[in-house]
Amino acid sequence: MTVRLPTAALLFALTASIGLASAQERSLPDIGSSAGSVLSPAKQAEYGAMVLAQLRHEGYVLDDPLLDGWLSDVGQRLASASDRPQQAFTFFLLRDRQINAFATLGGYVAVNSGLVLAAAREDELAGVLAHEISHVTQQHVLRGAEKAQRESLPILLATLGAIVAAQKAGGTSSGDASSAALITGMGLLQQRQIDYTRDNEAEADRIGIRLLANAGYDPEAMADFFQTLQGVVRLNQGDERSALPPYLQTHPLTLARISEARQRAEKLEAAHLPLPTTGGSGGNPLLPANLQPAGDLHPARGDTGDFPWAKERLRVLSAPTPAQAIREYRQMQSRQALNDPQRYGLALAQLLAGDSGAALQELTPLALAHPGNLWLQIATGQAEARSGRIAEADRRFEALLARRPTQRALALSYARLLTERGTREAGQRAVAVLRPLLATSNADLPLQQIYARANEIAGDPVRAGEAWAEAAYLSGRPEQALVQLNNLKKRDDLDYYARARIDARIAAITPTVLELRRQGIHDEAVGGRLGLYAR
């Protein structure tokens with residue numbers, strides 16, 4: 001069993017490891033007033049990746065290929081329409097059903113499952129993402145980090161210390177350090193650390209609303225979601241703290257703010273001129289259609305069309321158990337007939353509960369009614385395979401892959417199904433399915449996990465070991481990754497290229513592990529197995 005690192009101590013060590021503070025040196029640089037003078041873009045990205053890895057280590061991140069792809073699609077549509085399109089962004093989901101979202105350094109933006117479930121349409125979610133993106137692009141996040149430096153606070157402790165506070169204070173009915181308390185605390189202090197003044201909030205609203213319009217979304221969606229949140233507050237019972245969603249604790253909401261957002265959107269709608277298009281294909285508006293260059297020269301704009309399916313998938317995956325998700329759908333069904341996305345959600349819950357026959361019965365007509373819907377096609381293929389109809393499932397997935405060989409969710413879903421068979425042939429096919437993704441997706445935890453298992457059953461223990469080590473690193477366990485790589489290096493069947501790859505990863509991971517050890521922090525599951533690294 002993995003023993004988790006003490007959160008406060010780990011965060012302090014990570015602070016030192018990215019060069020923000022050290023146990024030996026407490027003097028702070030003269031940072032002046034220019035955002036970015038302390039943290040380079042590379043260091044900001046490193047910090048954001050550490051936050052994501054630690055959240056994964058604690059089990060709070062919801063990694064799902066279909067949902068990840070959808071959320072990233074929405075977020076990147078907005079980010080590409082901003083005035084800083086060169087800023088990298090990473091969007092990820094948290095399991096918590098409380099309504100919350102936050103941004104941190106490096107363009108890492110977290111969205112609670114509860115926020116998506118509370119939204120009525122994709123435009124409303126896009127409004128929240130646009131607001132958080134604006135906090136990053138306007139450097140509110142970075143200025144908050146510099147403010148923490150001026151106050152002689154290690155930046156990671158300053159931004160993530162709420163985790164410790166949540167552990168001590170509880171925050172849920174159980175009184176323990178549950179996911180809800182930890183994520184609420186983290187989001188709360190993230191936003192407070194940014195020092196959200198009224199001016200910052202107004203600027204993020206103003207820029208975010210413009211961003212919505214530029215990306216083809218409804219600019220009034222931000223005000224619409226504010227009103228949705230007000231309705232949540234009115235419906236909630238209990239004391240003031242429990243009635244207020246975490247998002248509103250960090251983004252104070254007033255009638256004036258809603259009114260201002262609505263007025264800005266209306267003015268923007270009146271003045272906004274959409275980009276000219278040529279039959280939806282992009283290109284030069286001055287050229288006739290027959291002379292347009294091939295391909296889409298503009299990023300995708302507006303609603304992806306996947307929100308209803310994503311919302312129901314998230315409802316299932318964020319439920320405590322598949323049985324609980326099924327009960328939710330039965331309650332919904334008692335009030336009115338389920339629509340197609342809700343029927344998909346029910347079928348998914350049945351599939352996860354082990355009732356593949358009932359799931360397939362629900363999914364088959366849906367897949368026929370929506371033949372181009374990847375969410376339904378993947379679920380139907382999974383239900384077929386788990387119902388014993390292996391050949392049908394393989395035909396379905398192979399046909400889909402022939403058209404979209406690099407579609408991440410499709411490749412990962414099929415490869416996972418193949419690895420469930422446990423045969424060498426299935427493992428080799430899974431490796432082949434995943435290989436096109438490797439060049440651009442090294443920092444992809446689900447990919448590394450499935451690739452590791454595929455290589456195991458395909459008979460390639462070296463590639464499997466490398467992938468397992470990478471998965472450990474991406475899950476916030478760098479010491480375990482280093483142990484696995486050092487053990488792998490002892491094999492006598494390594495070729496030159498494998499040894500070079502392993503040496504390179506050891507060299508990259510070792511400084512982080514050494515810094516942790518210098519701070520007196522180590523992963524108890526590793527013990528003394530690091531040898532000379534445990535100094």
# chains A, B, ... in the order shown; residues from 1 in each chain; ligands from 1
>>> residues_around(residues="Asp503 of chain A", least_positions_apart="3", cutoff="12 Å", atoms="only C-alpha atoms", output="ChimeraX atom specification")
/A:466,482,485-490,494,496-500,506-510
>>> residues_around(residues="Pro219 of chain A", least_positions_apart="2", cutoff="10 Å", atoms="only C-alpha atoms", output="PDB file with N, CA and C atoms, in the first residue's frame")
ATOM      1  N   ASP A 123     -22.173  26.795 -23.148  1.00  0.00           N
ATOM      2  CA  ASP A 123     -21.807  28.212 -23.086  1.00  0.00           C
ATOM      3  C   ASP A 123     -21.571  28.662 -21.647  1.00  0.00           C
ATOM      4  N   GLU A 124     -22.366  28.125 -20.694  1.00  0.00           N
ATOM      5  CA  GLU A 124     -22.206  28.521 -19.295  1.00  0.00           C
ATOM      6  C   GLU A 124     -20.881  28.006 -18.742  1.00  0.00           C
ATOM      7  N   ALA A 126     -18.300  27.394 -20.571  1.00  0.00           N
ATOM      8  CA  ALA A 126     -17.311  28.201 -21.279  1.00  0.00           C
ATOM      9  C   ALA A 126     -17.134  29.559 -20.608  1.00  0.00           C
ATOM     10  N   GLY A 127     -18.214  30.100 -20.040  1.00  0.00           N
ATOM     11  CA  GLY A 127     -18.107  31.372 -19.337  1.00  0.00           C
ATOM     12  C   GLY A 127     -17.184  31.286 -18.143  1.00  0.00           C
ATOM     13  N   GLY A 208     -13.233  37.965 -20.140  1.00  0.00           N
ATOM     14  CA  GLY A 208     -13.855  36.666 -20.370  1.00  0.00           C
ATOM     15  C   GLY A 208     -15.069  36.744 -21.271  1.00  0.00           C
ATOM     16  N   ILE A 209     -15.886  37.770 -21.088  1.00  0.00           N
ATOM     17  CA  ILE A 209     -17.076  37.934 -21.930  1.00  0.00           C
ATOM     18  C   ILE A 209     -16.665  38.181 -23.380  1.00  0.00           C
ATOM     19  N   ARG A 210     -15.642  38.993 -23.571  1.00  0.00           N
ATOM     20  CA  ARG A 210     -15.143  39.224 -24.924  1.00  0.00           C
ATOM     21  C   ARG A 210     -14.581  37.932 -25.522  1.00  0.00           C
ATOM     22  N   LEU A 211     -13.916  37.160 -24.669  1.00  0.00           N
ATOM     23  CA  LEU A 211     -13.353  35.885 -25.103  1.00  0.00           C
ATOM     24  C   LEU A 211     -14.448  34.922 -25.558  1.00  0.00           C
ATOM     25  N   LEU A 212     -15.543  34.883 -24.809  1.00  0.00           N
ATOM     26  CA  LEU A 212     -16.680  34.051 -25.202  1.00  0.00           C
ATOM     27  C   LEU A 212     -17.151  34.410 -26.608  1.00  0.00           C
ATOM     28  N   ALA A 213     -17.325  35.689 -26.854  1.00  0.00           N
ATOM     29  CA  ALA A 213     -17.804  36.124 -28.168  1.00  0.00           C
ATOM     30  C   ALA A 213     -16.795  35.785 -29.253  1.00  0.00           C
ATOM     31  N   ASN A 214     -15.509  36.022 -28.991  1.00  0.00           N
ATOM     32  CA  ASN A 214     -14.483  35.741 -29.993  1.00  0.00           C
ATOM     33  C   ASN A 214     -14.408  34.263 -30.346  1.00  0.00           C
ATOM     34  N   ALA A 215     -14.722  33.405 -29.366  1.00  0.00           N
ATOM     35  CA  ALA A 215     -14.667  31.958 -29.601  1.00  0.00           C
ATOM     36  C   ALA A 215     -15.984  31.412 -30.130  1.00  0.00           C
ATOM     37  N   GLY A 216     -16.956  32.286 -30.358  1.00  0.00           N
ATOM     38  CA  GLY A 216     -18.224  31.852 -30.931  1.00  0.00           C
ATOM     39  C   GLY A 216     -19.260  31.409 -29.927  1.00  0.00           C
ATOM     40  N   TYR A 217     -19.011  31.642 -28.639  1.00  0.00           N
ATOM     41  CA  TYR A 217     -19.986  31.292 -27.609  1.00  0.00           C
ATOM     42  C   TYR A 217     -20.878  32.490 -27.299  1.00  0.00           C
ATOM     43  N   ALA A 221     -23.590  34.125 -21.549  1.00  0.00           N
ATOM     44  CA  ALA A 221     -23.569  32.882 -20.781  1.00  0.00           C
ATOM     45  C   ALA A 221     -22.960  33.061 -19.401  1.00  0.00           C
ATOM     46  N   MET A 222     -22.002  33.975 -19.267  1.00  0.00           N
ATOM     47  CA  MET A 222     -21.398  34.194 -17.955  1.00  0.00           C
ATOM     48  C   MET A 222     -22.435  34.714 -16.965  1.00  0.00           C
ATOM     49  N   ALA A 223     -23.213  35.711 -17.380  1.00  0.00           N
ATOM     50  CA  ALA A 223     -24.263  36.238 -16.511  1.00  0.00           C
ATOM     51  C   ALA A 223     -25.333  35.180 -16.251  1.00  0.00           C
ATOM     52  N   ASP A 224     -25.626  34.368 -17.257  1.00  0.00           N
ATOM     53  CA  ASP A 224     -26.612  33.293 -17.069  1.00  0.00           C
ATOM     54  C   ASP A 224     -26.160  32.323 -15.980  1.00  0.00           C
ATOM     55  N   ALA A 261     -22.238  42.270 -16.001  1.00  0.00           N
ATOM     56  CA  ALA A 261     -21.903  41.235 -16.979  1.00  0.00           C
ATOM     57  C   ALA A 261     -22.940  41.192 -18.091  1.00  0.00           C
ATOM     58  N   ARG A 262     -24.197  41.326 -17.726  1.00  0.00           N
ATOM     59  CA  ARG A 262     -25.265  41.302 -18.719  1.00  0.00           C
ATOM     60  C   ARG A 262     -25.160  42.509 -19.655  1.00  0.00           C
ATOM     61  N   ARG A 264     -22.453  44.288 -20.356  1.00  0.00           N
ATOM     62  CA  ARG A 264     -21.281  44.140 -21.223  1.00  0.00           C
ATOM     63  C   ARG A 264     -21.584  43.210 -22.393  1.00  0.00           C
ATOM     64  N   ALA A 265     -22.257  42.105 -22.074  1.00  0.00           N
ATOM     65  CA  ALA A 265     -22.576  41.137 -23.122  1.00  0.00           C
ATOM     66  C   ALA A 265     -23.509  41.736 -24.165  1.00  0.00           C
ATOM     67  N   GLU A 266     -24.495  42.484 -23.708  1.00  0.00           N
ATOM     68  CA  GLU A 266     -25.442  43.087 -24.645  1.00  0.00           C
ATOM     69  C   GLU A 266     -24.753  44.101 -25.546  1.00  0.00           C
ATOM     70  N   LYS A 267     -23.850  44.904 -24.966  1.00  0.00           N
ATOM     71  CA  LYS A 267     -23.123  45.878 -25.785  1.00  0.00           C
ATOM     72  C   LYS A 267     -22.217  45.172 -26.786  1.00  0.00           C
ATOM     73  N   LEU A 268     -21.599  44.103 -26.335  1.00  0.00           N
ATOM     74  CA  LEU A 268     -20.705  43.355 -27.211  1.00  0.00           C
ATOM     75  C   LEU A 268     -21.477  42.698 -28.345  1.00  0.00           C
ATOM     76  N   GLU A 269     -22.636  42.148 -28.013  1.00  0.00           N
ATOM     77  CA  GLU A 269     -23.459  41.514 -29.045  1.00  0.00           C
ATOM     78  C   GLU A 269     -23.901  42.529 -30.087  1.00  0.00           C
TER      79      GLU A 269
END
>>> closest_residue(among="A:His251, A:Arg463, A:Arg421, A:Lys43", to="Glu132 of chain A", atoms="only C-alpha atoms")
A:His251
>>> residues_around(residues="Asp63 of chain A", least_positions_apart="2", cutoff="9 Å", atoms="only C-alpha atoms", output="list in words")
Arg56, Val61, Pro65, Leu67, Asp68, Phe92, Leu93, Leu94, Leu445 and Pro446 of chain A
>>> closest_residue(among="A:Ile133, A:Ile326, A:Val232, A:Leu376", to="Ser82 of chain A", atoms="only C-alpha atoms")
A:Ile133
>>> closest_residue(among="A:Ala337, A:Leu115, A:Leu374, A:Ala53", to="Arg396 of chain A", atoms="only C-alpha atoms")
A:Leu374
>>> closest_residue(among="A:Asn100, A:Gln87, A:Asn442, A:Gln227", to="Val136 of chain A", atoms="only C-alpha atoms")
A:Gln87
